[in-house]
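Reproduced below: start_0.cif, with mmCIF, C-alpha atoms.
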```cif
data_my_file
loop_
_atom_site.label_atom_id
_atom_site.label_comp_id
_atom_site.auth_asym_id
_atom_site.auth_seq_id
_atom_site.Cartn_x
_atom_site.Cartn_y
_atom_site.Cartn_z
CA MET A 75 103.68 87.14 110.69
CA LYS A 76 105.47 84.92 113.18
CA HIS A 77 108.15 84.24 110.61
CA THR A 78 108.68 87.93 109.96
CA ILE A 79 109.07 88.66 113.66
CA LEU A 80 111.48 85.76 113.98
CA PHE A 81 113.41 87.00 110.97
CA PHE A 82 113.72 90.54 112.34
CA THR A 83 114.71 89.30 115.78
CA ALA A 84 117.38 87.15 114.17
CA ILE A 85 118.68 90.09 112.16
CA PHE A 86 118.72 92.31 115.22
CA PHE A 87 120.56 89.66 117.20
CA VAL A 88 123.09 89.04 114.44
CA SER A 89 123.72 92.74 113.94
CA ALA A 90 124.15 93.25 117.68
CA VAL A 91 126.66 90.42 117.85
CA PHE A 92 128.37 91.74 114.73
CA ALA A 93 128.67 95.21 116.23
CA GLN A 94 130.16 93.78 119.40
CA THR A 95 132.75 91.68 117.65
CA ASP A 96 133.53 94.72 115.53
CA PHE A 97 134.41 96.83 118.54
CA LYS A 98 136.68 94.12 119.91
CA GLY A 99 138.16 93.63 116.48
CA GLU A 100 138.92 97.32 116.08
CA VAL A 101 140.53 97.52 119.50
CA ALA A 102 142.60 94.44 118.65
CA THR A 103 143.71 96.11 115.39
CA ALA A 104 144.57 99.26 117.33
CA ARG A 105 146.64 97.19 119.75
CA THR A 106 148.67 95.44 117.08
CA SER A 107 149.16 98.67 115.12
CA TYR A 108 150.27 100.44 118.27
CA ALA A 109 152.65 97.66 119.19
CA SER A 110 154.30 97.91 115.78
CA GLY A 111 154.53 101.69 116.06
CA LYS A 112 151.99 102.49 113.36
CA LEU A 113 150.40 105.44 115.12
CA GLU A 114 148.19 106.60 112.27
CA ASP A 115 146.71 103.10 111.82
CA THR A 116 146.09 102.96 115.57
CA HIS A 117 144.33 106.29 115.34
CA PHE A 118 142.08 105.09 112.54
CA ALA A 119 141.20 101.83 114.31
CA LEU A 120 140.38 103.69 117.53
CA GLN A 121 138.10 106.06 115.67
CA GLN A 122 136.32 103.06 114.17
CA ALA A 123 135.98 101.56 117.64
CA LEU A 124 134.46 104.81 118.82
CA GLY A 125 131.92 104.66 116.01
CA ASP A 126 131.00 101.07 116.89
CA LEU A 127 130.62 102.03 120.50
CA ASP A 128 128.31 104.90 119.56
CA ILE A 129 126.06 102.47 117.70
CA ILE A 130 125.97 100.09 120.67
CA ILE A 131 125.22 102.96 123.06
CA GLY A 132 122.47 104.14 120.71
CA LYS A 133 120.85 100.72 120.74
CA GLU A 134 121.00 100.62 124.52
CA VAL A 135 119.33 104.03 124.67
CA LEU A 136 116.56 102.81 122.35
CA LYS A 137 115.89 99.97 124.78
CA LEU A 138 115.34 102.55 127.53
CA LEU A 139 112.90 104.72 125.59
CA PRO A 140 109.19 104.10 126.31
CA THR A 141 107.22 102.03 123.83
CA GLN A 142 104.25 104.30 124.27
CA LEU A 143 103.93 108.07 124.69
CA ASP A 144 100.44 109.07 125.81
CA VAL A 145 98.26 107.24 123.27
CA LEU A 146 100.96 107.05 120.64
CA ASN A 147 102.70 103.73 120.02
CA ALA A 148 106.37 103.55 119.09
CA ASN A 149 107.19 102.67 115.49
CA THR A 150 110.14 100.50 116.41
CA ALA A 151 110.66 99.59 112.76
CA SER A 152 111.86 103.13 112.11
CA ASP A 153 114.26 103.12 115.07
CA ASN A 154 117.57 104.35 113.89
CA VAL A 155 121.09 104.84 115.20
CA THR A 156 123.72 106.56 113.11
CA ALA A 157 127.31 106.98 114.17
CA ASN A 158 129.21 109.81 112.56
CA VAL A 159 132.81 110.02 113.62
CA GLY A 160 133.52 113.68 113.52
CA PHE A 161 131.09 116.49 114.00
CA ILE A 162 128.39 114.59 115.80
CA GLY A 163 128.99 111.43 117.79
CA ALA A 164 125.77 109.59 117.11
CA THR A 165 122.14 110.29 116.37
CA ILE A 166 119.44 108.11 117.85
CA HIS A 167 115.94 108.29 116.49
CA ARG A 168 112.54 106.90 117.48
CA ASP A 169 109.11 108.08 116.43
CA TYR A 170 105.61 107.51 117.74
CA GLY A 171 102.12 107.52 116.21
CA ASN A 172 100.86 106.52 112.79
CA THR A 173 98.51 109.32 111.86
CA PRO A 174 99.73 112.54 110.28
CA GLU A 175 97.65 114.59 112.76
CA LYS A 176 99.34 113.26 115.82
CA LYS A 177 103.00 112.39 115.85
CA ALA A 178 105.88 112.53 118.25
CA GLU A 179 109.55 111.82 117.82
CA ILE A 180 112.61 111.61 119.99
CA GLU A 181 115.96 112.54 118.52
CA ILE A 182 119.16 112.25 120.53
CA ILE A 183 122.46 113.67 119.37
CA SER A 184 125.35 112.48 121.50
CA ASN A 185 128.84 113.84 121.88
CA SER A 186 128.48 116.91 119.75
CA PRO A 187 130.51 120.04 120.48
CA MET A 188 127.68 122.17 119.15
CA ILE A 189 125.50 121.42 122.16
CA GLY A 190 127.53 123.85 124.24
CA THR A 191 125.71 126.76 122.65
CA LEU A 192 122.34 125.61 123.88
CA ASN A 193 123.72 125.06 127.36
CA ALA A 194 124.95 128.63 127.34
CA PHE A 195 121.45 129.83 126.53
CA LEU A 196 119.91 127.89 129.38
CA ASN A 197 122.46 128.97 131.93
CA THR A 198 122.79 132.64 131.02
CA PRO A 199 119.74 134.53 132.20
CA ILE A 200 120.39 137.55 129.95
CA LEU A 201 120.80 135.51 126.80
CA GLY A 202 117.81 133.39 127.73
CA GLY A 203 115.87 136.54 128.41
CA MET A 204 116.64 137.99 125.02
CA MET A 205 115.61 134.81 123.30
CA ARG A 206 112.37 134.49 125.20
CA ASP A 207 109.09 135.41 123.59
CA GLU A 208 105.63 133.92 123.81
CA ASN A 209 106.71 130.95 121.66
CA ASN A 210 109.81 130.15 123.60
CA LYS A 211 110.51 129.34 127.21
CA THR A 212 112.78 127.53 129.60
CA VAL A 213 111.22 124.71 131.60
CA LYS A 214 112.39 121.96 133.92
CA VAL A 215 111.79 118.29 133.20
CA GLN A 216 112.74 115.76 135.89
CA GLY A 217 115.15 118.36 137.26
CA TYR A 218 116.85 118.99 133.90
CA LYS A 219 116.66 122.46 132.36
CA ALA A 220 115.11 122.40 128.94
CA ARG A 221 113.95 124.79 126.25
CA LEU A 222 110.39 124.52 125.00
CA GLU A 223 109.55 126.05 121.68
CA ARG A 224 106.24 126.11 119.85
CA THR A 225 105.42 126.80 116.24
CA ASP A 226 102.02 127.45 114.74
CA ALA A 227 100.67 124.29 113.10
CA GLY A 228 98.25 126.38 111.03
CA ASN A 229 95.08 124.76 112.34
CA GLY A 230 94.81 126.70 115.55
CA LYS A 231 97.11 124.21 117.25
CA TYR A 232 100.80 124.22 117.91
CA ASN A 233 103.76 121.93 117.27
CA TYR A 234 106.04 121.66 120.27
CA LYS A 235 109.77 121.07 120.42
CA LEU A 236 111.57 120.38 123.67
CA ASP A 237 115.38 120.51 123.79
CA ILE A 238 117.10 118.92 126.76
CA PRO A 239 120.90 119.19 126.70
CA PHE A 240 123.21 116.95 128.76
CA SER A 241 126.71 118.48 128.69
CA SER A 242 127.68 117.49 125.15
CA SER A 243 124.54 115.59 124.16
CA LEU A 244 121.08 116.75 123.24
CA LEU A 245 117.68 115.09 123.48
CA THR A 246 114.92 116.63 121.38
CA LEU A 247 111.27 115.72 121.67
CA ASN A 248 108.98 116.87 118.86
CA VAL A 249 105.23 116.63 119.31
CA ASP A 250 102.83 117.76 116.59
CA ASN A 251 99.40 119.28 117.25
CA SER A 252 99.79 119.29 120.96
CA THR A 253 99.63 121.39 124.11
CA GLU A 254 102.37 122.38 126.51
CA ALA A 255 101.01 120.16 129.27
CA GLU A 256 100.77 117.18 126.95
CA THR A 257 104.33 117.66 125.67
CA LEU A 258 105.73 117.93 129.17
CA ALA A 259 103.77 114.86 130.28
CA MET A 260 105.32 112.93 127.39
CA ALA A 261 108.78 114.18 128.29
CA ASN A 262 108.25 112.94 131.82
CA LYS A 263 107.77 109.41 130.47
CA ILE A 264 111.34 109.36 129.15
CA PRO A 265 113.81 108.01 131.73
CA LEU A 266 116.12 111.00 131.34
CA GLN A 267 118.50 110.05 134.11
CA ASP A 268 119.19 106.60 132.69
CA VAL A 269 119.55 107.96 129.17
CA ALA A 270 121.91 110.67 130.41
CA LYS A 271 124.05 108.07 132.16
CA LEU A 272 124.56 106.27 128.85
CA ILE A 273 125.17 109.21 126.53
CA GLN A 274 127.13 111.53 128.74
CA MET B 230 170.05 186.62 148.87
CA LYS B 231 172.20 184.97 146.24
CA LYS B 232 173.54 182.58 148.85
CA ILE B 233 170.03 181.39 149.71
CA ALA B 234 168.93 181.18 146.09
CA LEU B 235 171.68 178.79 145.08
CA PRO B 236 170.88 175.98 147.57
CA MET B 237 167.17 176.50 146.81
CA LEU B 238 167.82 176.04 143.10
CA MET B 239 169.87 172.92 143.80
CA LEU B 240 167.08 171.53 145.95
CA CYS B 241 164.55 172.19 143.18
CA GLY B 242 166.84 170.46 140.75
CA MET B 243 167.02 167.42 142.98
CA PHE B 244 163.26 167.24 143.25
CA ALA B 245 162.91 167.66 139.52
CA TYR B 246 165.40 164.89 138.94
CA LYS B 247 163.60 162.41 141.12
CA PRO B 248 161.20 160.97 138.46
CA CYS B 249 164.13 160.34 136.14
CA GLU B 250 165.87 158.58 138.94
CA ALA B 251 162.81 156.42 139.53
CA GLN B 252 162.68 155.58 135.87
CA LEU B 253 166.33 154.67 135.90
CA LEU B 254 165.79 152.49 138.94
CA LYS B 255 162.89 150.73 137.22
CA LYS B 256 164.99 150.14 134.14
CA ILE B 257 167.77 148.62 136.23
CA LYS B 258 165.23 146.51 138.08
CA ASP B 259 163.76 145.26 134.82
CA LYS B 260 167.19 144.43 133.48
CA VAL B 261 168.03 142.49 136.62
CA ASN B 262 164.72 140.64 136.35
CA GLN B 263 165.39 139.81 132.74
CA VAL B 264 168.80 138.39 133.53
CA ALA B 265 167.46 136.51 136.53
CA ASN B 266 164.69 135.02 134.45
CA LYS B 267 167.10 133.99 131.76
CA THR B 268 169.34 132.15 134.17
CA THR B 269 166.50 130.35 135.90
CA GLY B 270 164.77 129.61 132.62
CA ASN B 271 161.72 131.32 133.99
CA ASN B 272 159.66 133.04 131.35
CA ASP B 273 157.33 135.16 133.42
CA SER B 274 159.17 138.47 133.13
CA GLN B 275 155.82 140.15 132.64
CA THR B 276 154.50 139.27 136.04
CA SER B 277 157.64 140.15 137.90
CA SER B 278 158.25 143.50 136.23
CA THR B 279 154.79 144.89 136.77
CA GLY B 280 155.06 147.07 139.79
CA SER B 281 151.49 146.97 141.04
CA GLU B 282 150.53 144.19 143.40
CA THR B 283 146.81 144.62 143.01
CA SER B 284 144.91 145.07 139.80
CA ASN B 285 142.29 147.75 139.14
CA SER B 286 139.44 145.57 140.33
CA GLY B 287 141.05 145.24 143.76
CA LYS B 288 141.81 141.57 143.27
CA PRO B 289 145.39 140.60 144.05
CA THR B 290 147.54 139.87 141.00
CA ASN B 291 149.01 136.42 140.74
CA LYS B 292 152.76 136.77 140.81
CA GLY B 293 153.51 133.24 139.76
CA GLY B 294 153.25 129.75 141.09
CA GLY B 295 154.60 126.33 140.32
CA GLY B 296 152.19 125.91 137.40
CA LEU B 297 150.89 122.54 136.41
CA THR B 298 153.28 119.66 136.21
CA ASN B 299 153.75 118.18 132.80
CA THR B 300 151.91 114.87 132.95
CA PRO B 301 152.60 112.22 130.36
CA PRO B 302 149.86 111.75 127.77
CA PRO B 303 147.31 108.99 128.45
CA ASP B 304 148.78 105.49 128.38
CA VAL B 305 147.31 104.10 125.18
CA ASN B 306 147.66 100.41 126.07
CA GLN B 307 146.18 100.95 129.51
CA GLN B 308 143.26 102.92 128.10
CA MET B 309 142.55 100.27 125.50
CA ALA B 310 142.57 97.59 128.19
CA ASP B 311 140.23 99.73 130.32
CA ALA B 312 137.93 100.20 127.35
CA GLU B 313 137.68 96.46 126.81
CA LYS B 314 137.07 95.86 130.50
CA SER B 315 134.30 98.48 130.64
CA PHE B 316 132.85 97.09 127.43
CA ASP B 317 132.68 93.58 128.86
CA ALA B 318 130.96 94.98 131.95
CA THR B 319 128.49 96.76 129.60
CA LYS B 320 129.65 100.13 130.91
CA TYR B 321 129.60 101.62 127.44
CA SER B 322 129.93 105.23 128.49
CA ASP B 323 133.15 104.41 130.37
CA ALA B 324 134.42 102.39 127.42
CA ARG B 325 133.82 105.40 125.18
CA TYR B 326 135.75 107.66 127.54
CA SER B 327 138.71 105.26 127.59
CA ILE B 328 138.78 105.04 123.80
CA GLN B 329 138.75 108.83 123.60
CA GLN B 330 141.66 108.99 126.03
CA ALA B 331 143.55 106.42 123.97
CA LEU B 332 142.90 108.51 120.86
CA MET B 333 144.30 111.56 122.59
CA GLY B 334 147.36 109.62 123.69
CA VAL B 335 148.01 108.47 120.14
CA GLU B 336 147.58 111.98 118.78
CA ILE B 337 149.99 113.48 121.26
CA GLN B 338 152.59 110.83 120.51
CA LEU B 339 152.12 111.41 116.82
CA GLY B 340 152.59 115.11 117.41
CA ARG B 341 155.76 114.65 119.39
CA GLU B 342 157.23 112.41 116.71
CA LEU B 343 156.40 115.02 114.12
CA LEU B 344 158.09 117.72 116.17
CA LYS B 345 161.21 115.58 116.36
CA SER B 346 161.27 115.25 112.60
CA LEU B 347 161.18 119.01 111.96
CA PRO B 348 164.46 120.76 111.11
CA SER B 349 166.32 122.41 114.00
CA ASP B 350 167.37 125.43 111.94
CA VAL B 351 165.62 127.21 109.14
CA ASN B 352 167.64 129.78 107.20
CA GLY B 353 169.41 131.17 110.25
CA LEU B 354 166.41 130.91 112.55
CA SER B 355 166.80 128.39 115.31
CA LYS B 356 164.02 126.42 116.99
CA ASP B 357 162.55 127.64 120.24
CA THR B 358 161.48 124.40 121.89
CA THR B 359 159.87 126.21 124.82
CA GLN B 360 157.09 127.12 122.41
CA ASP B 361 156.59 123.61 121.04
CA LYS B 362 152.97 122.64 121.31
CA VAL B 363 150.94 119.53 120.67
CA VAL B 364 147.24 120.05 121.10
CA SER B 365 144.72 117.26 120.85
CA THR B 366 141.01 117.72 121.25
CA GLN B 367 138.62 114.85 121.67
CA TRP B 368 136.40 116.09 118.86
CA GLY B 369 136.94 114.42 115.53
CA TRP B 370 136.82 117.58 113.48
CA ALA B 371 139.74 119.40 115.03
CA ASN B 372 141.91 116.55 116.09
CA MET B 373 145.38 117.77 116.48
CA THR B 374 147.56 120.81 116.03
CA ILE B 375 151.31 120.82 116.31
CA GLN B 376 153.22 124.05 116.61
CA ARG B 377 156.91 124.85 116.36
CA VAL B 378 158.44 128.32 116.51
CA TYR B 379 161.74 129.36 114.92
CA THR B 380 163.26 132.69 115.83
CA ASP B 381 166.46 134.70 115.44
CA GLY B 382 166.08 136.03 118.97
CA LYS B 383 165.11 139.49 117.72
CA ASP B 384 162.10 140.29 115.61
CA LYS B 385 162.15 137.67 112.91
CA GLN B 386 159.99 134.65 113.58
CA LEU B 387 158.62 131.64 111.77
CA THR B 388 155.74 129.68 113.28
CA THR B 389 154.91 126.30 111.79
CA SER B 390 151.56 124.70 112.50
CA ILE B 391 150.70 121.23 111.36
CA GLY B 392 147.15 120.02 111.82
CA ASN B 393 144.89 117.27 110.68
CA SER B 394 141.72 119.23 110.90
CA GLY B 395 139.34 118.53 108.09
CA LEU B 396 137.55 121.77 108.79
CA TYR B 397 140.40 124.01 107.67
CA ALA B 398 141.35 121.80 104.78
CA GLY B 399 137.82 122.19 103.51
CA LEU B 400 138.08 125.96 103.71
CA LEU B 401 141.31 125.84 101.75
CA ASN B 402 139.73 123.81 99.01
CA VAL B 403 137.22 126.61 98.58
CA TYR B 404 140.14 128.93 97.96
CA PHE B 405 141.63 126.64 95.37
CA ASN B 406 138.41 126.31 93.51
CA SER B 407 137.67 129.99 93.16
CA ALA B 408 139.18 131.94 90.30
CA TYR B 409 138.46 135.24 91.97
CA VAL B 410 141.42 134.97 94.31
CA GLN B 411 143.81 135.93 91.58
CA ALA B 412 141.51 138.35 89.88
CA ASP B 413 142.19 141.35 92.06
CA ALA B 414 145.10 142.78 90.14
CA ASN B 415 145.55 146.03 92.03
CA GLN B 416 146.94 144.71 95.22
CA GLN B 417 147.32 141.01 95.40
CA ASN B 418 147.52 139.84 98.97
CA VAL B 419 146.44 136.27 98.39
CA LYS B 420 147.71 134.01 95.68
CA GLN B 421 148.24 130.41 94.77
CA THR B 422 151.71 129.00 94.57
CA LYS B 423 153.57 125.70 94.95
CA VAL B 424 155.92 124.35 97.59
CA LYS B 425 157.81 121.23 96.53
CA ASP B 426 155.08 120.46 94.01
CA TYR B 427 152.34 120.83 96.61
CA LYS B 428 149.64 123.37 95.87
CA ALA B 429 149.81 126.22 98.34
CA ILE B 430 148.32 129.57 99.21
CA ILE B 431 150.38 132.52 100.31
CA THR B 432 148.90 135.62 101.88
CA TYR B 433 150.43 138.89 102.99
CA ASP B 434 149.17 141.29 105.61
CA ASP B 435 151.08 144.34 106.82
CA ASN B 436 150.35 143.53 110.43
CA LYS B 437 150.74 139.77 110.35
CA GLY B 438 153.40 139.25 107.71
CA TYR B 439 153.39 136.32 105.33
CA THR B 440 151.29 133.19 105.81
CA LEU B 441 151.86 130.16 103.63
CA ILE B 442 149.46 127.24 103.78
CA VAL B 443 149.87 123.84 102.17
CA PRO B 444 146.98 121.37 102.41
CA ILE B 445 148.25 117.78 102.40
CA GLY B 446 146.21 114.71 101.64
CA GLN B 447 142.55 114.57 102.51
CA SER B 448 142.35 116.51 105.72
CA SER B 449 145.71 117.84 106.91
CA MET B 450 147.68 120.99 106.34
CA ILE B 451 150.87 122.80 107.18
CA ALA B 452 150.94 126.54 107.78
CA TRP B 453 153.95 128.81 108.06
CA GLU B 454 153.47 132.25 109.60
CA CYS B 455 156.47 134.40 108.81
CA ILE B 456 157.00 137.65 110.65
CA ASN B 457 159.49 140.23 109.34
CA PHE B 458 160.52 138.23 106.32
CA ALA B 459 161.93 140.42 103.57
CA ASN B 460 160.00 138.97 100.67
CA GLU B 461 158.01 136.11 99.25
CA ASN B 462 161.10 134.23 98.09
CA GLU B 463 162.50 134.11 101.57
CA VAL B 464 159.24 132.55 102.79
CA MET B 465 159.21 129.96 100.02
CA ASP B 466 162.83 129.16 100.68
CA ALA B 467 162.16 128.58 104.39
CA ALA B 468 159.15 126.35 103.65
CA ALA B 469 161.23 124.26 101.27
CA LYS B 470 163.47 123.30 104.20
CA PHE B 471 160.65 121.15 105.61
CA ASP B 472 160.18 117.52 104.66
CA ILE B 473 156.56 117.75 103.53
CA ASP B 474 156.52 114.18 102.19
CA GLY B 475 157.72 112.89 105.56
CA ILE B 476 155.10 114.87 107.48
CA LYS B 477 152.41 113.65 105.14
CA LYS B 478 153.49 110.05 105.65
CA LYS B 479 153.51 110.42 109.42
CA LEU B 480 149.98 111.81 109.35
CA GLY B 481 148.92 108.79 107.34
CA GLU B 482 147.73 110.90 104.42
CA GLN B 483 147.74 109.61 100.86
#
```
As structure tokens, please, write out the structure in this file.
Amino acid sequence: MKHTILFFTAIFFVSAVFAQTDFKGEVATARTSYASGKLEDTHFALQQALGDLDIIIGKEVLKLLPTQLDVLNANTASDNVTANVGFIGATIHRDYGNTPEKKAEIEIISNSPMIGTLNAFLNTPILGGMMRDENNKTVKVQGYKARLERTDAGNGKYNYKLDIPFSSSLLTLNVDNSTEAETLAMANKIPLQDVAKLIQ
Amino acid sequence: MKKIALPMLMLCGMFAYKPCEAQLLKKIKDKVNQVANKTTGNNDSQTSSTGSETSNSGKPTNKGGGGLTNTPPPDVNQQMADAEKSFDATKYSDARYSIQQALMGVEIQLGRELLKSLPSDVNGLSKDTTQDKVVSTQWGWANMTIQRVYTDGKDKQLTTSIGNSGLYAGLLNVYFNSAYVQADANQQNVKQTKVKDYKAIITYDDNKGYTLIVPIGQSSMIAWECINFANENEVMDAAAKFDIDGIKKKLGEQ
């Protein structure tokens, strides 16, 4: 067991170092390409650097997320950060709980132009009003406007989904078989302000 | 009686003539404005020739201002240095912003170089550099659009847009892969063609004129919008004046 932990720590450390050198390496490539007037190569290297940076930011965000939500423990082994240069900057994933009855997951999409739509919903009373029904409402979590949506889980309980947009990023909290109060209590455990500072 | 009637008639005539006179005055005023704008290089003839000073909503109409000064694009070297500095200080969000700025700077430079490489005349139409545009967005999927307008000063116009947006290129590939495009035999307004051995699509619309689009490489394309061109051949001929290989190389496409 000890060996496995040591092994994973080593891998994490190596990958972190690798990612860091990568960013520096890409910027160095961009510099030399730019100096020799190769604009397209500079462009490519900078995009790569952006991707590396997104991964690093994602890992920093994961460090900020709580290791426990209510009674659910984080499954850090399934932590995931994906950088996609293009449509979506990066996706950061962490889930909680081991049983199928009770699960929660946090999904963060950073730097995506599509988030603007959700912001429009939250900030336009008429649009928000049209979208609102008994399964859908706008709430505030730690001062941030958010949209809470529930779907029938089929067993008399509900699955909750909370969307919290930060300008061009979006944090989504999914909680299965839960109540509104429980979902909001979980959301309050997430250090939104610190996360926002990193991904905005 | 007759003596009174005559001056009365003349007076009526004068009153009746007044609107025409006003129109004439307006025309002269417009002409003067046009000339004045031409000499000062000012292009806002619309704002100066509209007579009303307030719009319908009661808000005053803006009659012009200095506009924004043309700032140089972001300094790429400086931004890269800033990014590294922020990165070392573990301010990753700031580092990201600097890299994005650097990307924009590179794209704008690339765009300007491309504009320089475009021909200055195309089949009797000369370039209108006041309408040159280089647009760069920070989002990866619609990086950059470069626009150049050629005109004969009257009603014939050619607008060239060059972009490296994967989104549009993807849409075009859908066109190329569907046989239906050429199936409508009655009135064919869209068809596939070739410009300098590059696959292309040409469309015609009575209101918009001809549009010719050539996808180049993996994610870029060139589009020519031709207004008041006599026929398809004229459009193809104009497009052939552009160095597509050169543009492709500059965009780093294979």
Checklist entry - At what distance in Å, to one decimal, does CA of Met333 (chain B) lie from CA of Cys455 (chain B)? => result 29.3 Å
Next on the checklist: When the PyMOL selection byres ((chain A and resi 267-273) around 12) is applied to the structure above, which residues does it catch, written out as an MDAnalysis selection string?
Outcome noted: (chainID A and resid 127:140 163:166 182:186 215:218 238:245 262:266 274) or (chainID B and resid 319:326)
Item to check | Explicit residue set for the PyMOL selection byres ((chain B) within 8 of (chain A)), as a ChimeraX atom specification | outcome: /B:306,309,313,321-322,324-325,328-329,331-332,335-336,338-339,368-370,479-481
Checklist entry - Do you know which residues the PyMOL selection byres ((chain A and resi 220-232) around 6) returns on this file, as a list in words? => result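 Selected by the PyMOL selection byres ((chain A and resi 220-232) around 6) here: Asn209, Asn210, Lys211, Thr212, Val213, Lys214, Lys219, Asn233, Tyr234, Lys235, Leu236, Asp237, Ile238, Asn251 and Ser252 of chain A.
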Store the residues picked out above in a file with C-alpha atoms, as an mmCIF file, in the coordinates of the input.
```cif
data_model
loop_
_atom_site.group_PDB
_atom_site.id
_atom_site.type_symbol
_atom_site.label_atom_id
_atom_site.label_comp_id
_atom_site.auth_asym_id
_atom_site.auth_seq_id
_atom_site.Cartn_x
_atom_site.Cartn_y
_atom_site.Cartn_z
ATOM 1 C CA ASN A 209 106.710 130.950 121.660
ATOM 2 C CA ASN A 210 109.810 130.150 123.600
ATOM 3 C CA LYS A 211 110.510 129.340 127.210
ATOM 4 C CA THR A 212 112.780 127.530 129.600
ATOM 5 C CA VAL A 213 111.220 124.710 131.600
ATOM 6 C CA LYS A 214 112.390 121.960 133.920
ATOM 7 C CA LYS A 219 116.660 122.460 132.360
ATOM 8 C CA ASN A 233 103.760 121.930 117.270
ATOM 9 C CA TYR A 234 106.040 121.660 120.270
ATOM 10 C CA LYS A 235 109.770 121.070 120.420
ATOM 11 C CA LEU A 236 111.570 120.380 123.670
ATOM 12 C CA ASP A 237 115.380 120.510 123.790
ATOM 13 C CA ILE A 238 117.100 118.920 126.760
ATOM 14 C CA ASN A 251 99.400 119.280 117.250
ATOM 15 C CA SER A 252 99.790 119.290 120.960
#
```
Checklist outcome for this item: Students should find that CA of Lys177 (chain A) and CA of Leu146 (chain A) are spaced 7.5 Å
Which polymer residues have any atom within 6 Å of an atom of region 167-173 of chain A, counting all atoms listed in the file, with same-chain residues fewer than 5 positions away left out, as a short mmCIF file (atom, residue, chain, number, x, y, z; two decimals) with C-alpha atoms, in the coordinates of the input?
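Saved to around_28.cif:
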```cif
data_model
loop_
_atom_site.label_atom_id
_atom_site.label_comp_id
_atom_site.auth_asym_id
_atom_site.auth_seq_id
_atom_site.Cartn_x
_atom_site.Cartn_y
_atom_site.Cartn_z
CA LEU A 146 100.96 107.05 120.64
CA ASN A 147 102.70 103.73 120.02
CA ALA A 148 106.37 103.55 119.09
CA ASN A 149 107.19 102.67 115.49
CA ASP A 153 114.26 103.12 115.07
CA ASN A 154 117.57 104.35 113.89
CA ALA A 178 105.88 112.53 118.25
CA GLU A 179 109.55 111.82 117.82
CA ILE A 180 112.61 111.61 119.99
CA GLU A 181 115.96 112.54 118.52
#
```
Item to check | Distance of CA of Asn460 (chain B) from CA of Asp435 (chain B), expressed in Å to one decimal place | outcome: 12.1 Å
